[in-house]
Structures are given as structure tokens and as C-alpha cells.
Amino acid sequence: MKAKMTVNKTFKIDKVDPRIYGSFVEHLGRCVYTGIYEPGHPTADAQGFRGDVKALVKELNVPFIRYPGGNFVSGYNWEDGIGPKESRPKRLDLAWKTVESNEVGIHEFMEWVNSVGAECNMAVNLGTRGIDEARNILEYCNHKGGSYWSDLRRQNGSEEPFNIKTWCLGNEMDGPWQMGHKTAAEYGRLAQETAKIMKMYDNTIELVVCGSSNNTMPTYGAWEAEVLDYTYNDVDYLSLHCYYGNQKNDLPSYLAKSLEMDEFIKSVAAICDYVKAKKRIKKTMYLSFDEWNVWYHSHTADSKSEPWQQAPPILEDVYNFEDALLVGCLLITLLKNCDRVKIACMAQLVNVIAPIMTQPGGEAWRQTIFWPYAHAANHGLGTVLTPIVECPTYEADGRQVPFIESLAIHNEDKNEMVVFAVNRSLDTALDFGVEFQGYTLGSVIEYKEMSGHDIKKTNTQQDGSVKPKDATATIDGASVKTKLAPLSWNMIRVALK
């Protein structure tokens with residue numbers, strides 16, 4: 001089979017906001033405790049954070065991390081996590097039926113997030129709490145001093161403010177499982193007033209309002225329209241959440257799920273534009289896809305988990321090679337929509353449906369999905385060019401699915417072109433050419449390929465063999481040419497003259 005992608009210097013989607021490569025740390029399972037934080041671990045620093053995990057997070061180049069939830073935030077009292085650790089209360093977390101020690105709170109997390117070179121995207125509790133809690137935590141985190149909450153922060157050891165610029169107004173408030181679940185009208189009014197109060201303090205902060213928990217919710221679409229009717233003028237982003245799985249063990253259908261993500265994004269953007277037109281205002285609402293990943297492997301084990309444990313091993317999906325291929329397709333889809341999706345957070349970062357796994361007291365290792373995420377976050381920066389792809393297709397779930405998922409990004413800072421591509425074909429290599437119109441190509445800097453693995457192959461503490469290898473591409477005038485192996489993730493970097 002043959003496939004060709006053409007890009008032209010004139011036709012651009014948009015510049016990538018690095019926050020599209022964000023992640024998520026929730027007080028859930030072992031994400032925090034024995035994930036990022038484990039005092040007594042051989043690599044732990046003076047604050048108790050694992051050095052081996054820090055190194056892997058830095059290798060991923062994660063720029064932006066949502067915290068502390070997730071469903072957890074809807075029952076969270078942030079004040080429990082400040083002050084002397086020995087005085088902090090243990091609480092029952094009703095969202096995940098676990099015990100929260102509060103050993104890690106705002107100060108500890110902000111120290112850690114700064115140490116890995118990321119920004120914090122802080123969520124406020126609009127489930128069991130509301131406006132007053134939101135304004136208090138904002139003052140605690142961001143005010144320099146001379147007020148009750150800012151002086152309490154200084155007393156607790158952080159002289160300088162944290163200066164958190166992006167805030168989530170609750171989490172999945174449309175979901176009946178959520179503590180403090182609300183109707184669209186109830187949430188819309190609360191979010192509107194919370195946003196107004198927070199921006200009274202600082203109108204430069206950016207706010208994310210809750211969209212639907214996923215696009216199968218019975219209120220999906222109507223929820224977005226009604227919530228935005230209240231909040232459009234006061235917020236900056238609308239959230240999207242969706243997880244994907246191969247429960248039917250149908251690989252062609254599974255690898256087509258990125259088309260579902262694309263339809264979801266475009267539908268939500270259309271709803272935003274409807275409210276924009278209805279309100280007759282110029283402001284464009286951007287999107288924050290702040291929960292996405294593969295999640296289905298751990299469901300059976302989690303159904304047997306005993307309640308009220310502290311940091312139990314739940315939601316620990318062990319990812320295989322086919323999951324890495326889908327994650328590659330999903331990353332490309334987010335980038336194809338970078339004109340509207342400015343923030344995205346792979347959920348989550350460590351142990352809980354995560355690219356990084358740890359053994360308590362032992363090693364940390366890279367799951368299969370680590371690699372496409374690392375390639376994109378480190379090299380997928382610059383301007384995304386509109387891809388014109390000529391490629392054979394196959395049918396799955398009533399759609400015509402191209403065998404190749406691909407795009408190109410012009411990284412102006414490095415003066416290079418970066419191509420990401422997934423070959424969805426189960427058994428056939430693709431002769432693949434990319435024509436760069438308006439550019440003068442130099443040489444191939446790097447070509448990394450993940451291919452040739454059994455689709456169910458996983459990485460473990462002892463065996464990390466599902467990883468990229470070097471491959472070869474050639475320059476032919478204005479084109480880059482190669483052969484994409486069946487079922488492969490590919491990253492090609494080309495220097496420009």
C-alpha cells in the first residue's frame with residue numbers, strides 16, 4: 001500500500017500550546033503515595049519525593065499538571081493538607097472509598113511540580129463546597145501577603161506566592177457519581193459566581209468550566225450549552241473528558257477510536273460557537289481536554305478492591321503495545337485540533353492509568369504508552385500544518401478509517417519539521433511520502449519507530465522491550481520517504497535549510 005501526506009507552508013492549523021501535553025495527579029490509588037511520594041525510598045529526596053519518578057517525569061517533559069482531582073476534589077478540604085504534617089487529619093475519601101492521610105498537600109505538591117519544571121492547574125471543590133472555598137484557596141496560593149490566608153501560607157513555610165494561573169471550577173459536575181452533583185443550571189450559576197469572585201481578585205487567571213464527563217452522558221450537548229449560557233463571559237476553557245478501551249478485543253475498531261475523539265472535539269467546539277453566536281460576542285471559547293487516556297484493563301481487579309485502604313493499588317492499567325498505538329493516534333488527533341484544544345491532560349501520571357509505574361521501595365519503569373507521549377511532548381512543538389493525506393481506508397463501526405494517522409509540525413525554534421504517524425494496518429507496510437511545499441529540506445535528524453511487537457506485549461519492571469528503535473527515511477527533493485511498518489508508531493525529525 002501507498003500513502004502520501006502533503007503540507008504547505010501557507011496552510012496552518014495553529015501553534016501548539018505546550019499545555020496540550022499536560023498530565024494529571026489525583027489523590028487516587030498510588031498516584032501520590034508510593035507514586036510521586038515515598039519517604040524512605042532509596043531515591044527519595046529530603047521532602048520524600050521519589051527521584052526515579054522525577055527523572056521519568058522530566059524525560060516526558062510534562063509542562064502542566066492538573067491537581068488534586070478528579071472525583072477526589074469534590075469532597076476535599078484543602079485546609080487539611082497545610083500546616084505541620086503530624087497535625088493533619090486523616091479523612092475518608094468517599095469518591096474512591098479510601099483513606100487520605102493528607103501527608104501531601106498544596107505546599108508539598110507545589111514544591112514537587114516546580115522541581116519537575118511544570119505548572120499547576122489547580123481544581124477547586126464545587127461539589128461539597130463553593131465560592132468561599134474558591135476565593136480562600138486563591139488568596140492562600142496567589143496573594144503576596146498582608147491578608148489572613150496569604151499570611152497563613154507564609155507561616156506554613158512558603159514566603160512567596162505560588163502564582164497558579166489556571167484553575168478548574170470543580171470536576172465532572174454532570175455525573176451522578178460526583179459528590180455534590182448538580183444540574184446544568186445549578187452548576188452554571190455556581191460556576192458563574194465563583195468565576196466572577198475569583199476574577200475580582202485577579203482577572204489574568206484562566207478558568208476551566210466543566211463540560212460533560214463524556215459524550216455518552218444523557219445530558220451531553222444540552223449540558224455544555226446551558227453551562228456556557230451562564231459562564232461564557234467569565235471563563236476561558238470548557239473541559240472535555242473521555243477514556244477509551246478495547247473491551248471487544250477488536251483491534252481495527254480500537255485503533256479507529258481517535259476518530260471518535262475528533263468528532264467529540266468538533267461537536268463541543270460547535271456548541272461553544274453556537275453560544276458565541278447566540279450571545280453576539282467576539283470571544284472564542286477554547287477547550288481543555290483535561291482527562292483522556294486508555295482505561296479498561298483494571299476494571300475487574302478494582303471491583304474486588306477492599307474499601308477504606310490507604311493508597312490501594314487501584315486503576316492500575318498495565319498497557320500493551322496496541323494501547324501505545326492508540327495513544328499515538330489520540331495525540332495526533334489533539335494536535336490536529338490545536339486551534340481549539342489548548343490544554344489536555346493525560347490521566348494520570350504515575351501508577352493510576354499512567355505512563356509511569358512504580359514498585360513500592362523498588363523500581364520505576366516506562367509503560368508502553370510512555371513513548372508516544374514523550375516523543376510528542378519533547379518534539380511536537382511549533383506550528384501544526386494542515387495535512388492533506390491520500391491513503392487507502394478500511395471500514396470500522398460504520399466509518400471509513402484511513403490506514404494512516406499522521407501530521408507534520410514546523411518547529412520554528414529548532415528549524416526542523418517533525419512528522420508523527422501511525423500505520424493502522426495489521427499486516428501491510430505503507431510506502432509513505434511527505435511532501436513539504438514551501439520548505440527546503442536538509443537531512444533527517446532522527447527517526448524513531450515502535451513496531452514488530454505482539455499487540456498484547458506489555459512492559460514490566462524486568463522487561464521494558466516495548467520501546468522505540470532507529471529507522472531510516474530518505475530525502476528526495478521536497479519529500480521525505482520511508483516505509484511504515486505494519487502496526488507502528490513513527491516520529492521523523494527533519495532539519496530545514
# chains A, B, ... in the order shown; residues from 1 in each chain; ligands from 1
$ residues_around --residues "A:Val384" --least-positions-apart "6" --cutoff "9 Å" --atoms "only C-alpha atoms" --output "PyMOL selection string"
chain A and resi 12-16+335-336+338+407-411
$ write_last_selection --atoms "all heavy atoms" --output "short mmCIF file (atom, residue, chain, number, x, y, z; two decimals), in the first residue's frame"
data_model
loop_
_atom_site.label_atom_id
_atom_site.label_comp_id
_atom_site.auth_asym_id
_atom_site.auth_seq_id
_atom_site.Cartn_x
_atom_site.Cartn_y
_atom_site.Cartn_z
N LYS A 12 -1.92 26.48 7.71
CA LYS A 12 -1.57 26.16 9.09
C LYS A 12 -2.84 25.97 9.92
O LYS A 12 -3.82 26.69 9.74
CB LYS A 12 -0.72 27.28 9.70
CG LYS A 12 0.53 27.61 8.89
CD LYS A 12 1.21 28.87 9.39
CE LYS A 12 2.42 29.23 8.52
NZ LYS A 12 3.06 30.48 8.95
N ILE A 13 -2.79 25.02 10.85
CA ILE A 13 -3.90 24.88 11.80
C ILE A 13 -3.73 25.89 12.92
O ILE A 13 -4.58 26.74 13.13
CB ILE A 13 -3.96 23.44 12.35
CG1 ILE A 13 -4.28 22.47 11.20
CG2 ILE A 13 -5.03 23.33 13.44
CD1 ILE A 13 -4.28 21.01 11.61
N ASP A 14 -2.63 25.83 13.64
CA ASP A 14 -2.33 26.80 14.70
C ASP A 14 -1.02 26.41 15.35
O ASP A 14 -0.47 25.34 15.08
CB ASP A 14 -3.45 26.84 15.75
CG ASP A 14 -3.56 28.20 16.44
OD1 ASP A 14 -2.62 29.02 16.29
OD2 ASP A 14 -4.56 28.45 17.12
N LYS A 15 -0.56 27.28 16.23
CA LYS A 15 0.63 26.99 17.02
C LYS A 15 0.23 26.11 18.20
O LYS A 15 -0.83 26.32 18.81
CB LYS A 15 1.26 28.29 17.50
CG LYS A 15 2.72 28.16 17.91
CD LYS A 15 3.36 29.52 18.09
CE LYS A 15 4.84 29.41 18.44
NZ LYS A 15 5.65 28.90 17.32
N VAL A 16 1.05 25.15 18.53
CA VAL A 16 0.77 24.24 19.64
C VAL A 16 0.99 24.98 20.96
O VAL A 16 2.04 25.59 21.18
CB VAL A 16 1.69 23.01 19.59
CG1 VAL A 16 1.48 22.12 20.81
CG2 VAL A 16 1.47 22.24 18.30
N LEU A 335 -3.49 17.24 18.39
CA LEU A 335 -2.69 18.23 17.66
C LEU A 335 -3.43 18.74 16.43
O LEU A 335 -3.32 19.92 16.08
CB LEU A 335 -1.35 17.62 17.27
CG LEU A 335 -0.38 17.40 18.43
CD1 LEU A 335 0.77 16.50 18.01
CD2 LEU A 335 0.14 18.74 18.95
N LYS A 336 -4.20 17.89 15.76
CA LYS A 336 -4.98 18.33 14.61
C LYS A 336 -6.05 19.34 15.00
O LYS A 336 -6.56 20.08 14.15
CB LYS A 336 -5.64 17.13 13.93
CG LYS A 336 -4.71 16.28 13.09
CD LYS A 336 -5.46 15.14 12.43
CE LYS A 336 -4.57 14.35 11.49
NZ LYS A 336 -5.28 13.20 10.88
N CYS A 338 -5.49 21.67 17.50
CA CYS A 338 -4.81 22.59 18.42
C CYS A 338 -5.27 24.03 18.28
O CYS A 338 -4.92 24.88 19.10
CB CYS A 338 -3.29 22.50 18.25
SG CYS A 338 -2.67 23.20 16.70
N LEU A 407 0.47 13.70 10.86
CA LEU A 407 0.55 15.16 10.68
C LEU A 407 2.00 15.60 10.74
O LEU A 407 2.89 14.83 11.08
CB LEU A 407 -0.31 15.92 11.70
CG LEU A 407 -0.10 15.77 13.19
CD1 LEU A 407 1.24 16.31 13.67
CD2 LEU A 407 -1.20 16.52 13.94
N ALA A 408 2.22 16.87 10.40
CA ALA A 408 3.56 17.47 10.44
C ALA A 408 3.51 18.78 11.21
O ALA A 408 2.52 19.53 11.12
CB ALA A 408 4.08 17.71 9.03
N ILE A 409 4.57 19.04 11.96
CA ILE A 409 4.68 20.26 12.77
C ILE A 409 5.98 20.96 12.41
O ILE A 409 7.05 20.33 12.38
CB ILE A 409 4.68 19.92 14.27
CG1 ILE A 409 3.40 19.16 14.65
CG2 ILE A 409 4.82 21.18 15.12
CD1 ILE A 409 3.40 18.66 16.08
N HIS A 410 5.88 22.25 12.14
CA HIS A 410 7.08 23.07 11.89
C HIS A 410 7.54 23.66 13.21
O HIS A 410 6.90 24.54 13.77
CB HIS A 410 6.75 24.19 10.90
CG HIS A 410 7.92 25.08 10.61
ND1 HIS A 410 7.78 26.35 10.08
CD2 HIS A 410 9.27 24.90 10.76
CE1 HIS A 410 8.97 26.90 9.93
NE2 HIS A 410 9.88 26.04 10.35
N ASN A 411 8.65 23.15 13.71
CA ASN A 411 9.23 23.67 14.94
C ASN A 411 10.19 24.80 14.57
O ASN A 411 11.34 24.58 14.19
CB ASN A 411 9.97 22.56 15.70
CG ASN A 411 10.42 23.00 17.08
OD1 ASN A 411 10.77 24.16 17.30
ND2 ASN A 411 10.43 22.06 18.02
#
$ closest_atom_pairs --of "stretch 368-462 of chain A" --to "stretch 290-293 of chain A" --cutoff "12 Å" --atoms "only C-alpha atoms" --output "CSV"
residue,atom,partner,partner_atom,distance
A:Ile369,CA,A:Asn293,CA,9.5
A:Phe370,CA,A:Asn293,CA,11.6
A:Tyr373,CA,A:Asn293,CA,10.9
$ write_last_selection --atoms "all heavy atoms" --output "compact mmCIF listing (two decimals), in the first residue's frame"
# COMPACT_ATOMS: atom_id res chain seq x y z
N ILE A 369 2.82 3.20 26.72
CA ILE A 369 2.26 4.49 26.28
C ILE A 369 3.19 5.65 26.59
O ILE A 369 2.96 6.77 26.12
CB ILE A 369 0.86 4.75 26.88
CG1 ILE A 369 0.94 4.92 28.40
CG2 ILE A 369 -0.11 3.63 26.50
CD1 ILE A 369 -0.36 5.40 29.03
N PHE A 370 4.22 5.41 27.39
CA PHE A 370 5.19 6.46 27.72
C PHE A 370 5.81 7.04 26.45
O PHE A 370 6.03 8.26 26.34
CB PHE A 370 6.28 5.85 28.61
CG PHE A 370 7.36 6.80 29.06
CD1 PHE A 370 7.32 7.38 30.31
CD2 PHE A 370 8.46 7.09 28.24
CE1 PHE A 370 8.32 8.23 30.75
CE2 PHE A 370 9.47 7.94 28.67
CZ PHE A 370 9.40 8.51 29.92
N TYR A 373 3.89 9.56 24.02
CA TYR A 373 3.70 10.78 24.82
C TYR A 373 5.02 11.55 24.93
O TYR A 373 5.06 12.77 24.72
CB TYR A 373 3.19 10.35 26.20
CG TYR A 373 2.85 11.44 27.20
CD1 TYR A 373 2.80 12.78 26.86
CD2 TYR A 373 2.55 11.10 28.51
CE1 TYR A 373 2.49 13.76 27.81
CE2 TYR A 373 2.23 12.05 29.46
CZ TYR A 373 2.21 13.38 29.10
OH TYR A 373 1.91 14.34 30.03
$ closest_atom_pairs --of "stretch 13-110 of chain A" --to "stretch 157-168 of chain A" --cutoff "9 Å" --atoms "only C-alpha atoms" --output "tab-separated table"
residue	atom	partner	partner_atom	distance
A:Arg66	CA	A:Cys168	CA	8.5
A:Gly83	CA	A:Gly157	CA	8.6
A:His107	CA	A:Ser158	CA	7.4
A:Met110	CA	A:Phe162	CA	7.3
$ residues_around --residues "stretch 201-215 of chain A" --least-positions-apart "6" --cutoff "9 Å" --atoms "only C-alpha atoms" --output "MDAnalysis selection string"
chainID A and resid 123 135 138:139 164:175 187:188 191 195 221 223:224 227:228 231 234:243 264 268 287:288
$ select_by_dssp --residues "stretch 71-236 of chain A" --states "helix (DSSP H, G or I)" --output "VMD selection string"
chain A and resid 71 to 75 78 to 81 85 to 87 106 to 115 131 to 142 148 to 155 184 to 201 222 to 231
$ residues_around --residues "A:Asp273" --least-positions-apart "5" --cutoff "9 Å" --atoms "only C-alpha atoms" --output "list in words"
Val268, Lys278, Thr284 and Met285 of chain A
$ select_by_dssp --residues "stretch 194-428 of chain A" --states "strand (DSSP E or B)" --output "MDAnalysis selection string"
chainID A and resid 206:209 237:244 286:294 309:310 320 341:347 350 356:358 364:366 383:385 388:390 393:396 399:402 404:411 416:423
$ residues_around --residues "A:Lys457" --least-positions-apart "5" --cutoff "10 Å" --atoms "only C-alpha atoms" --output "number ranges by chain"
A: 318-323, 368, 465-466
$ closest_residue --among "A:Pro355, A:Pro313, A:Gly22, A:Gly40" --to "A:Asn459" --atoms "only C-alpha atoms"
A:Pro355
$ closest_residue --among "A:Phe432, A:Gly145, A:Glu316, A:Asn77" --to "A:Leu349" --atoms "only C-alpha atoms"
A:Glu316
$ residues_around --residues "A:Val116" --least-positions-apart "6" --cutoff "7 Å" --atoms "only C-alpha atoms" --output "mmCIF file with N, CA, C and O atoms, in the first residue's frame"
data_model
loop_
_atom_site.group_PDB
_atom_site.id
_atom_site.type_symbol
_atom_site.label_atom_id
_atom_site.label_comp_id
_atom_site.auth_asym_id
_atom_site.auth_seq_id
_atom_site.Cartn_x
_atom_site.Cartn_y
_atom_site.Cartn_z
ATOM 1 N N LYS A 54 10.778 11.416 39.460
ATOM 2 C CA LYS A 54 11.078 12.766 38.954
ATOM 3 C C LYS A 54 11.841 12.696 37.634
ATOM 4 O O LYS A 54 11.545 13.444 36.692
ATOM 5 N N VAL A 57 9.466 11.783 34.843
ATOM 6 C CA VAL A 57 8.556 12.892 34.533
ATOM 7 C C VAL A 57 9.285 13.947 33.714
ATOM 8 O O VAL A 57 8.742 14.498 32.745
ATOM 9 N N LYS A 58 10.530 14.221 34.079
ATOM 10 C CA LYS A 58 11.329 15.172 33.306
ATOM 11 C C LYS A 58 11.611 14.642 31.904
ATOM 12 O O LYS A 58 11.646 15.403 30.938
#
$ closest_residue --among "A:Leu385, A:Leu190, A:Ala364, A:Val327" --to "A:Asp52" --atoms "only C-alpha atoms"
A:Ala364
$ closest_residue --among "A:Gln348, A:Ser258, A:Thr393, A:Asn415" --to "A:Leu330" --atoms "only C-alpha atoms"
A:Ser258
$ atom_distance --atom1 "atom CA of A:Lys481" --atom2 "atom CA of A:Val434"
6.5 Å
$ closest_residue --among "A:Ala46, A:Ala421, A:Met491, A:Ala473" --to "A:Lys448" --atoms "only C-alpha atoms"
A:Met491
$ closest_residue --among "A:Lys497, A:Lys276, A:Arg19, A:His299" --to "A:Tyr439" --atoms "only C-alpha atoms"
A:Lys497
